[in-house]
Every structure is written in structure tokens, then in C-alpha cells.
>>> print(open('upload-v3.csv').read())   # CSV, C-alpha atoms
chain,number,residue,atom,x,y,z
O,1,MET,CA,19.0,-23.8,50.4
O,2,ARG,CA,16.9,-24.9,53.4
O,3,TRP,CA,14.2,-22.3,52.9
O,4,LYS,CA,10.7,-23.3,53.8
O,5,ARG,CA,9.0,-20.5,52.0
O,6,THR,CA,10.0,-18.4,48.9
O,7,ILE,CA,8.0,-15.7,47.1
O,8,GLN,CA,9.1,-13.9,44.0
O,9,LEU,CA,8.6,-10.1,43.9
O,10,LEU,CA,8.6,-7.7,41.0
O,11,ASP,CA,9.7,-4.3,42.2
O,12,VAL,CA,7.5,-1.5,41.0
O,13,HIS,CA,6.8,2.1,42.0
O,14,CYS,CA,3.9,4.4,41.0
O,15,GLU,CA,4.9,8.0,41.0
O,16,GLY,CA,7.4,7.3,43.8
O,17,GLU,CA,5.2,5.0,45.9
O,18,ILE,CA,6.6,1.4,46.1
O,19,GLY,CA,4.1,-1.3,45.4
O,20,LYS,CA,6.0,-4.6,45.0
O,21,VAL,CA,4.0,-7.4,43.3
O,22,ALA,CA,4.2,-11.0,44.5
O,23,ILE,CA,4.2,-12.8,41.2
O,24,GLY,CA,5.4,-16.3,42.2
O,25,GLY,CA,5.1,-18.6,45.3
O,26,VAL,CA,2.0,-17.0,46.7
O,27,PRO,CA,0.2,-19.6,48.8
O,28,LYS,CA,-3.5,-20.4,48.3
O,29,ILE,CA,-5.6,-17.9,50.2
O,30,PRO,CA,-9.0,-19.3,51.4
O,31,GLY,CA,-12.2,-17.6,50.3
O,32,ASN,CA,-14.7,-17.6,47.5
O,33,SER,CA,-14.3,-13.9,46.8
O,34,ILE,CA,-11.4,-11.4,47.1
O,35,ALA,CA,-13.3,-9.8,50.0
O,36,GLU,CA,-13.4,-13.1,51.8
O,37,GLN,CA,-9.7,-13.6,51.2
O,38,LEU,CA,-9.1,-10.1,52.6
O,39,HIS,CA,-11.0,-11.1,55.7
O,40,TRP,CA,-9.0,-14.3,56.1
O,41,LEU,CA,-5.7,-12.4,55.8
O,42,ASN,CA,-6.8,-10.0,58.5
O,43,THR,CA,-8.3,-12.5,60.9
O,44,ASP,CA,-6.5,-15.8,60.6
O,45,PRO,CA,-3.1,-16.2,62.3
O,46,LYS,CA,-1.7,-17.8,59.1
O,47,GLY,CA,-2.8,-14.8,57.1
O,48,GLN,CA,-1.3,-12.4,59.5
O,49,GLU,CA,1.9,-14.4,59.5
O,50,LEU,CA,2.1,-14.2,55.7
O,51,ARG,CA,1.7,-10.4,55.8
O,52,ARG,CA,4.3,-9.9,58.5
O,53,PHE,CA,6.7,-12.1,56.6
O,54,LEU,CA,6.5,-9.8,53.6
O,55,VAL,CA,6.2,-6.3,55.0
O,56,LEU,CA,8.1,-6.3,58.3
O,57,GLU,CA,11.8,-6.3,58.9
O,58,PRO,CA,14.2,-8.0,58.4
O,59,ARG,CA,12.7,-9.1,55.0
O,60,GLY,CA,10.4,-6.1,54.5
O,61,ALA,CA,10.9,-2.3,54.9
O,62,PRO,CA,8.9,0.7,56.2
O,63,ILE,CA,8.3,2.2,52.8
O,64,GLY,CA,5.8,0.7,50.3
O,65,SER,CA,3.3,-2.2,50.0
O,66,VAL,CA,3.4,-5.8,48.9
O,67,ASN,CA,0.6,-6.8,46.5
O,68,LEU,CA,-0.5,-10.4,46.6
O,69,LEU,CA,-1.3,-11.4,43.0
O,70,LEU,CA,-4.3,-13.9,43.1
O,71,PRO,CA,-6.4,-15.7,40.7
O,72,ALA,CA,-9.5,-13.6,39.8
O,73,LYS,CA,-12.8,-14.7,41.4
O,74,HIS,CA,-14.9,-12.5,39.1
O,75,PRO,CA,-15.5,-13.9,35.6
O,76,GLU,CA,-14.7,-10.5,34.0
O,77,ALA,CA,-11.4,-10.0,35.7
O,78,ASP,CA,-7.9,-10.8,34.5
O,79,ALA,CA,-6.3,-11.1,38.0
O,80,GLY,CA,-7.1,-10.4,41.6
O,81,PHE,CA,-4.9,-8.8,44.2
O,82,ILE,CA,-4.8,-7.7,47.9
O,83,ILE,CA,-2.5,-5.0,49.3
O,84,LEU,CA,-0.4,-6.0,52.3
O,85,GLN,CA,0.8,-3.2,54.7
O,86,PRO,CA,2.1,-3.3,58.3
O,87,ASP,CA,-1.2,-2.7,60.0
O,88,GLN,CA,-3.4,-5.1,57.9
O,89,ALA,CA,-4.3,-6.2,54.4
O,90,HIS,CA,-6.2,-3.5,52.5
O,91,ALA,CA,-9.0,-3.7,49.9
O,92,SER,CA,-8.0,-1.1,47.3
O,93,SER,CA,-5.3,1.3,46.3
O,94,GLY,CA,-4.9,3.4,43.2
O,95,SER,CA,-1.1,3.5,43.2
O,96,ASN,CA,-0.9,-0.3,43.8
O,97,SER,CA,-3.5,-0.9,41.0
O,98,ILE,CA,-1.1,0.9,38.7
O,99,CYS,CA,1.8,-1.1,40.0
O,100,VAL,CA,0.0,-4.4,39.5
O,101,THR,CA,-1.2,-3.5,36.0
O,102,THR,CA,2.4,-2.5,35.1
O,103,ALA,CA,3.7,-5.8,36.5
O,104,LEU,CA,1.1,-7.9,34.8
O,105,LEU,CA,1.8,-6.4,31.4
O,106,GLU,CA,5.6,-5.9,31.5
O,107,SER,CA,6.2,-9.4,32.9
O,108,GLY,CA,4.0,-11.0,30.2
O,109,ILE,CA,1.5,-12.5,32.7
O,110,VAL,CA,-1.2,-10.6,30.8
O,111,GLU,CA,-0.5,-10.1,27.1
O,112,MET,CA,0.4,-6.5,26.2
O,113,LYS,CA,-1.3,-5.1,23.2
O,114,GLU,CA,-0.2,-1.8,21.7
O,115,PRO,CA,-1.2,1.0,21.7
O,116,GLU,CA,-3.7,0.1,24.5
O,117,THR,CA,-4.4,-2.8,26.8
O,118,VAL,CA,-7.4,-3.1,29.1
O,119,VAL,CA,-6.8,-5.1,32.3
O,120,THR,CA,-9.6,-5.8,34.8
O,121,LEU,CA,-8.5,-6.2,38.4
O,122,ASP,CA,-10.6,-8.1,41.0
O,123,THR,CA,-10.3,-6.4,44.4
O,124,ALA,CA,-12.2,-6.7,47.6
O,125,ALA,CA,-13.7,-3.3,46.9
O,126,GLY,CA,-14.9,-4.4,43.4
O,127,LEU,CA,-13.7,-4.4,39.9
O,128,VAL,CA,-11.0,-1.8,38.9
O,129,ARG,CA,-10.6,-1.4,35.1
O,130,ALA,CA,-7.1,-0.3,34.1
O,131,THR,CA,-6.5,1.1,30.6
O,132,ALA,CA,-2.8,1.0,29.9
O,133,THR,CA,-1.1,3.1,27.2
O,134,CYS,CA,1.6,0.8,25.8
O,135,ARG,CA,4.5,1.3,23.5
O,136,ASP,CA,7.8,-0.6,22.8
O,137,GLY,CA,7.0,-3.3,25.4
O,138,ARG,CA,6.3,-0.9,28.4
O,139,CYS,CA,3.4,0.8,30.0
O,140,GLU,CA,3.7,4.5,29.5
O,141,LYS,CA,0.7,5.3,31.8
O,142,VAL,CA,-2.3,3.7,33.3
O,143,ARG,CA,-5.8,5.1,33.6
O,144,LEU,CA,-7.9,3.4,36.3
O,145,THR,CA,-11.7,3.4,36.5
O,146,MET,CA,-12.1,3.1,40.2
O,147,VAL,CA,-14.9,1.6,42.3
O,148,PRO,CA,-17.8,3.9,43.3
O,149,SER,CA,-16.8,6.5,45.9
O,150,PHE,CA,-19.1,8.3,48.3
O,151,VAL,CA,-19.3,10.6,51.2
O,152,HIS,CA,-20.0,9.1,54.6
O,153,GLU,CA,-20.2,12.4,56.4
O,154,LEU,CA,-19.0,15.9,55.7
O,155,ASP,CA,-17.6,18.4,58.3
O,156,VAL,CA,-17.3,16.0,61.2
O,157,GLY,CA,-16.1,17.9,64.3
O,158,LEU,CA,-13.2,16.3,66.2
O,159,ASP,CA,-11.8,17.8,69.5
O,160,THR,CA,-8.0,17.4,69.8
O,161,PRO,CA,-5.7,18.5,72.6
O,162,GLN,CA,-3.1,19.6,70.0
O,163,TRP,CA,-5.1,21.7,67.5
O,164,GLY,CA,-8.4,22.3,69.3
O,165,ARG,CA,-11.6,21.4,67.4
O,166,ILE,CA,-10.9,20.5,63.7
O,167,LYS,CA,-13.3,19.5,60.9
O,168,LEU,CA,-12.8,16.6,58.6
O,169,ASP,CA,-14.7,14.7,55.9
O,170,LEU,CA,-15.3,10.9,56.3
O,171,CYS,CA,-15.4,9.4,52.8
O,172,TYR,CA,-15.0,6.2,50.9
O,173,GLY,CA,-12.8,5.8,47.8
O,174,GLY,CA,-12.1,2.1,47.9
O,175,ILE,CA,-11.2,2.3,51.6
O,176,PHE,CA,-12.4,4.8,54.2
O,177,TYR,CA,-10.5,8.1,54.7
O,178,ALA,CA,-10.6,11.0,57.1
O,179,LEU,CA,-9.8,14.1,54.8
O,180,VAL,CA,-8.4,17.1,56.7
O,181,ASP,CA,-7.5,20.5,55.4
O,182,VAL,CA,-3.9,20.8,56.4
O,183,GLY,CA,-4.0,24.4,57.5
O,184,GLN,CA,-6.0,23.3,60.6
O,185,ILE,CA,-2.9,21.7,62.1
O,186,GLY,CA,-0.6,24.6,61.2
O,187,LEU,CA,1.5,22.8,58.6
O,188,LYS,CA,2.1,22.8,54.9
O,189,ILE,CA,2.4,19.7,52.7
O,190,GLU,CA,6.0,19.6,51.9
O,191,LYS,CA,8.8,17.1,52.4
O,192,ALA,CA,10.4,18.9,55.3
O,193,ASN,CA,7.1,18.4,57.3
O,194,ALA,CA,6.7,14.7,56.5
O,195,ALA,CA,7.4,13.5,60.0
O,196,ALA,CA,5.1,16.1,61.6
O,197,LEU,CA,2.3,15.3,59.2
O,198,VAL,CA,2.6,11.6,59.8
O,199,GLN,CA,2.5,12.1,63.6
O,200,ALA,CA,-0.6,14.3,63.3
O,201,GLY,CA,-2.2,11.7,61.0
O,202,MET,CA,-1.7,8.9,63.5
O,203,VAL,CA,-3.2,11.0,66.3
O,204,ILE,CA,-6.3,11.9,64.2
O,205,LYS,CA,-6.8,8.4,62.9
O,206,GLU,CA,-6.8,6.9,66.4
O,207,ALA,CA,-9.1,9.6,67.7
O,208,ILE,CA,-11.6,9.3,64.8
O,209,ASN,CA,-11.7,5.4,64.9
O,210,GLY,CA,-12.2,5.7,68.7
O,211,ALA,CA,-15.1,8.1,68.3
O,212,MET,CA,-17.1,6.4,65.6
O,213,SER,CA,-17.3,3.4,63.3
O,214,VAL,CA,-17.6,3.2,59.6
O,215,VAL,CA,-18.6,0.1,57.6
O,216,HIS,CA,-19.2,-0.2,53.9
O,217,PRO,CA,-22.9,-0.8,53.5
O,218,GLU,CA,-22.4,-3.6,51.0
O,219,ILE,CA,-19.0,-5.0,51.9
O,220,PRO,CA,-18.7,-5.7,55.6
O,221,ALA,CA,-15.0,-6.7,55.2
O,222,ILE,CA,-14.2,-3.0,54.6
O,223,SER,CA,-14.5,-1.0,57.8
O,224,GLY,CA,-12.8,1.6,59.9
O,225,VAL,CA,-10.8,4.7,58.7
O,226,ALA,CA,-7.7,3.3,57.1
O,227,TYR,CA,-5.9,6.6,56.4
O,228,VAL,CA,-5.9,10.3,57.2
O,229,MET,CA,-5.2,12.3,54.1
O,230,PHE,CA,-4.2,16.0,54.5
O,231,ARG,CA,-5.1,18.2,51.6
O,232,ASP,CA,-4.4,21.7,50.3
O,233,ILE,CA,-4.6,23.7,47.0
O,234,ASP,CA,-1.4,24.7,45.2
O,235,ALA,CA,-1.0,28.1,43.5
O,236,ASP,CA,-1.8,26.6,40.1
O,237,GLY,CA,-5.0,25.0,41.4
O,238,ALA,CA,-3.6,21.4,41.8
O,239,ILE,CA,-4.8,19.5,44.8
O,240,ARG,CA,-1.9,18.8,47.1
O,241,THR,CA,-2.1,15.7,49.2
O,242,CYS,CA,-0.4,13.8,51.9
O,243,THR,CA,-1.8,10.5,52.9
O,244,THR,CA,-0.5,9.3,56.3
O,245,MET,CA,-0.1,5.6,56.8
O,246,TRP,CA,0.2,3.5,59.9
O,247,PRO,CA,2.5,3.1,61.8
O,248,GLY,CA,4.3,6.2,60.6
O,249,ARG,CA,5.0,7.2,57.0
O,250,ALA,CA,3.7,9.3,54.2
O,251,ASP,CA,2.4,8.1,50.8
O,252,ARG,CA,4.9,9.2,48.1
O,253,SER,CA,2.2,9.2,45.4
O,254,PRO,CA,-0.8,11.6,45.2
O,255,CYS,CA,-2.9,8.6,46.5
O,256,GLY,CA,-5.6,7.2,44.2
O,257,THR,CA,-8.2,6.0,46.7
O,258,GLY,CA,-7.7,9.2,48.7
O,259,ASN,CA,-8.3,11.4,45.7
O,260,SER,CA,-11.3,9.3,44.8
O,261,ALA,CA,-12.7,9.9,48.3
O,262,ASN,CA,-11.8,13.6,48.0
O,263,LEU,CA,-13.5,13.9,44.6
O,264,ALA,CA,-16.7,12.6,46.2
O,265,THR,CA,-16.5,15.6,48.6
O,266,LEU,CA,-16.0,18.0,45.8
O,267,HIS,CA,-19.0,16.5,44.0
O,268,ALA,CA,-21.2,16.6,47.1
O,269,ARG,CA,-20.3,20.3,47.6
O,270,GLY,CA,-21.1,21.2,44.0
O,271,LYS,CA,-17.4,21.8,43.1
O,272,ALA,CA,-17.1,18.9,40.6
O,273,LYS,CA,-19.3,17.6,37.9
O,274,VAL,CA,-19.2,14.7,35.4
O,275,GLY,CA,-16.4,15.3,32.9
O,276,ASP,CA,-14.2,17.4,35.2
O,277,VAL,CA,-10.5,16.5,35.4
O,278,PHE,CA,-8.2,17.7,38.2
O,279,LYS,CA,-4.5,17.6,38.8
O,280,SER,CA,-3.4,16.1,42.2
O,281,ARG,CA,0.2,16.5,43.4
O,282,SER,CA,1.9,14.5,46.1
O,283,ILE,CA,4.2,15.6,48.9
O,284,ILE,CA,7.2,14.8,46.6
O,285,GLY,CA,5.7,16.6,43.6
O,286,SER,CA,4.6,13.6,41.6
O,287,GLU,CA,1.2,13.9,39.9
O,288,PHE,CA,-2.1,12.1,39.1
O,289,GLU,CA,-4.9,13.1,36.8
O,290,VAL,CA,-8.2,12.7,38.7
O,291,GLY,CA,-11.4,12.6,36.7
O,292,LEU,CA,-15.1,12.4,37.5
O,293,GLN,CA,-16.5,9.8,35.0
O,294,ALA,CA,-20.1,9.3,36.2
O,295,GLU,CA,-22.6,9.6,38.9
O,296,THR,CA,-24.0,6.5,40.6
O,297,GLU,CA,-25.4,5.2,43.9
O,298,VAL,CA,-24.2,2.9,46.6
O,299,ALA,CA,-26.9,1.4,48.9
O,300,GLY,CA,-29.2,4.3,48.0
O,301,ARG,CA,-26.7,7.1,48.7
O,302,PRO,CA,-25.1,9.3,46.0
O,303,ALA,CA,-21.8,8.2,44.7
O,304,ILE,CA,-19.4,8.8,41.8
O,305,ILE,CA,-17.1,6.8,39.5
O,306,PRO,CA,-13.6,8.4,39.6
O,307,THR,CA,-10.7,7.9,37.3
O,308,ILE,CA,-7.1,8.0,38.3
O,309,THR,CA,-4.2,8.3,35.8
O,310,GLY,CA,-0.5,7.8,36.7
O,311,ARG,CA,2.6,6.0,35.8
O,312,GLY,CA,4.3,2.8,37.1
O,313,PHE,CA,7.9,1.8,36.7
O,314,THR,CA,9.6,-1.6,37.3
O,315,PHE,CA,13.0,-1.4,38.9
O,316,GLY,CA,14.0,-4.9,40.1
O,317,LEU,CA,13.2,-8.5,40.6
O,318,SER,CA,13.8,-10.3,43.9
O,319,GLN,CA,13.0,-13.4,45.9
O,320,VAL,CA,12.2,-13.3,49.6
O,321,ALA,CA,12.7,-16.4,51.6
O,322,LEU,CA,12.3,-17.8,55.2
O,323,ASP,CA,14.9,-19.9,56.9
O,324,PRO,CA,13.1,-22.4,59.1
O,325,PHE,CA,15.5,-21.7,61.9
O,326,ASP,CA,15.2,-17.9,61.7
O,327,PRO,CA,14.2,-16.6,65.2
O,328,MET,CA,12.8,-13.4,63.6
O,329,ALA,CA,10.3,-15.2,61.4
O,330,GLU,CA,7.5,-13.1,62.7
O,331,GLY,CA,9.2,-9.9,61.7
O,332,PHE,CA,9.6,-6.7,63.7
O,333,ALA,CA,9.5,-2.9,63.5
O,334,MET,CA,11.6,-0.3,65.2
O,335,THR,CA,10.4,3.2,66.2
O,336,ASP,CA,13.6,4.8,64.9
O,337,VAL,CA,12.4,4.4,61.3
O,338,TRP,CA,8.8,3.2,61.5
O,339,GLY,CA,7.6,6.0,63.8
O,340,PRO,CA,6.3,6.0,67.4
O,341,SER,CA,3.3,3.7,66.5
O,342,ALA,CA,5.7,0.9,65.6
O,343,GLY,CA,5.7,0.0,69.3
O,344,ASP,CA,2.2,-1.5,68.7
O,345,ILE,CA,3.4,-3.9,66.0
>>> encode(input="upload-v3.csv", output="C-alpha cells")
Amino acid sequence: MRWKRTIQLLDVHCEGEIGKVAIGGVPKIPGNSIAEQLHWLNTDPKGQELRRFLVLEPRGAPIGSVNLLLPAKHPEADAGFIILQPDQAHASSGSNSICVTTALLESGIVEMKEPETVVTLDTAAGLVRATATCRDGRCEKVRLTMVPSFVHELDVGLDTPQWGRIKLDLCYGGIFYALVDVGQIGLKIEKANAAALVQAGMVIKEAINGAMSVVHPEIPAISGVAYVMFRDIDADGAIRTCTTMWPGRADRSPCGTGNSANLATLHARGKAKVGDVFKSRSIIGSEFEVGLQAETEVAGRPAIIPTITGRGFTFGLSQVALDPFDPMAEGFAMTDVWGPSAGDI
């Protein structure tokens, strides 16, 4: 073969959300920390080229993420990783942390110990500790101890031409979220409304990022609202979520970082305390357990330590390659499947 680049991918999904893991052929990423490597991927043309190669058509697809498996920078960590998506490289993700943990253990990169293996992941947002329940050579479930989550601002007013003035919470759960009660836009979180929810999420994300800026007080590489997550309460008390992702799709999982951010709002409003566990349900009905493990602080502001428990499943092994003569080396996206925002890719 005349390929000039090959990367091996282990196909994994977490509660329906695809999070492929690049386990071989990942090039050296400059940076002394995972946060510095994240910055390089988002600002250097070579970093952006690598991301586009893996996530855009014709080699990538609209659904899911690709996780770059990297050597850990922190001495306590077993492995590092960064999440690649169409808009940029991202610092943290609950579903992708579960996918990476499952990939590390079931591929043998990290030794699996039954009945439980603890894997420490180095991310740009900090250390994520994954406790995997293991039996007969597979991960049955993974419980994540997430990075500290906090409220940036509650009840932010936003004027929209479509829905009038709405309120949202700006919160951090590993990345920044705008959290919106879905009833404000006249929709329910269900599969039939996925396209409408995504379109609404893109409008709100653009408006909120245009109106204000958010930057992590200790990690400058993490800034801006990454996602809009719509939320509701099911009849049984479960938190129903739909995280909308640029350029136009819905997270299939309940969303770990989004639920971490939302848990910070519940704590701030006195609706959650240490030891509480909630059920969160995605737009397709898959579920996470969301727990409040501890209270803490981030740069002097109140914060919490959330836990997220879910399942990852491997379903394939593939190799993606680049022909040096391929005129579509930079990748592309079409609005017919990626959504209207794909015209900006």
C-alpha cells in the first residue's frame, strides 16, 4: 500500500454513543501536559489536519468521537487521551472516558484485574479515575470519578427570536455547558425531535458564545460553551437529557460531563447533597448513574466531585489510512447529514 499515514482504531460505544479509540499509529503530539497538547491540536494546522483526517468524511462520520490515546503526563495516570470532534479537540467526556477505559482493559493495554480494576486517565481537565467492574475478560460497567464541576452562572437570560427570552445555566463539568430546560423551546426530549433539538441547540450555542465568554479559572485551554444540553424530568424522576453537538447531532448517551455540570446546579440550588445518586436517561433511553461524591472548591468558588457510571462495549477493530494522492485529504462535511452548520466546516 502507498499510504502515508495509518491509525488503528478500536470501535467502542458507551450507552449508544460511539467513542472510537486510536490505539496505534497516533503521532507524537507536542506539549508538556495534556492541556498543552489540547491547545496544539486546536491551534496548529498540523493538529487540525489530524483531527479532520479522523473525524470528517470520507474517513470519518457524523456520529461519534475519536479518542487519541496518548502517553500520560501525570505520574499517577495510566494513560492520557484527548477527544476529537468536528468542531475541535475537547478536554473531557464521560462517555468517552468509559470508552477509553473499556478499550484499555479489553485490549490488554492496561492489565485487567477481576473483579475490579482502577484506571487513572490523564485529561486536559485533570485526572479522571475509572473503576471498572470486570468479569470473564470484559468490563461490565465503569464508574468515573470526574473532575471538579462548578456553576459559572445560574439563570442567565438570553433573548431569542424563536422562543423569546429563555433562561439557562452556565456550568462546568469538564467542559462548559449551557443547560436549558427543554420546555422553554416547546419540545420534548424524544427521538422524533432530535433534529429540532439539535437545530435549537446550535442557535443557542452561537448566541450565548456571542454574548459572553467563559474561561476555566485554572485551565486557560478550556474556554467557551462547548455544548447546549437540554434537560427534563421523566415521570419516574430520572433526569432526561439531550446534549446537542456541533455541527448538528445529538449525543446518544446521557452525557457524563453534561450531567456533572447539571449536578453542580442541583447542588447550588440545594436539590442535591453528598451521597445522593440520580438516574439520568438519554434521548434513546440509555442510562447513567450520577452521584455526588464530595464538595470541593475551584479557584475559591464552590464545586463538587461527581461520579458517572455506565457501560462500554467494543464492536470492531479498524485501520484508517491516507492515500498521498487523495484530493480529499482535508475531509469534508455535507449539510444533508451533518446539519446546517456543516457549511462552516
>>> closest_residue(input="upload-v3.csv", among="O:Thr265, O:Asn259, O:Ser92, O:Gln37", to="O:Glu289", atoms="all atoms listed in the file")
O:Asn259
>>> closest_residue(input="upload-v3.csv", among="O:Thr241, O:Gln184, O:Asn209, O:Gln8", to="O:Thr257", atoms="all atoms listed in the file")
O:Thr241
>>> residues_around(input="upload-v3.csv", residues="O:Gly343", least_positions_apart="6", cutoff="9 Å", atoms="all atoms listed in the file", output="list in words")
Pro247, Ala333, Met334 and Thr335 of chain O
>>> closest_residue(input="upload-v3.csv", among="O:Leu197, O:Leu69, O:Ile308, O:Ala124", to="O:Ile98", atoms="all atoms listed in the file")
O:Ile308
>>> atom_distance(input="upload-v3.csv", atom1="atom CA of O:Ala264", atom2="atom CA of O:Asp78")
27.6 Å
>>> closest_atom_pairs(input="upload-v3.csv", of="stretch 245-300 of chain O", to="stretch 213-220 of chain O", cutoff="12 Å", atoms="all atoms listed in the file", output="JSON lines")
{"residue": "O:Glu297", "atom": "CA", "partner": "O:Pro217", "partner_atom": "CA", "distance": 11.6}
{"residue": "O:Val298", "atom": "CA", "partner": "O:Pro217", "partner_atom": "CA", "distance": 7.9}
{"residue": "O:Ala299", "atom": "CA", "partner": "O:Pro217", "partner_atom": "CA", "distance": 6.5}
{"residue": "O:Gly300", "atom": "CA", "partner": "O:Pro217", "partner_atom": "CA", "distance": 9.8}
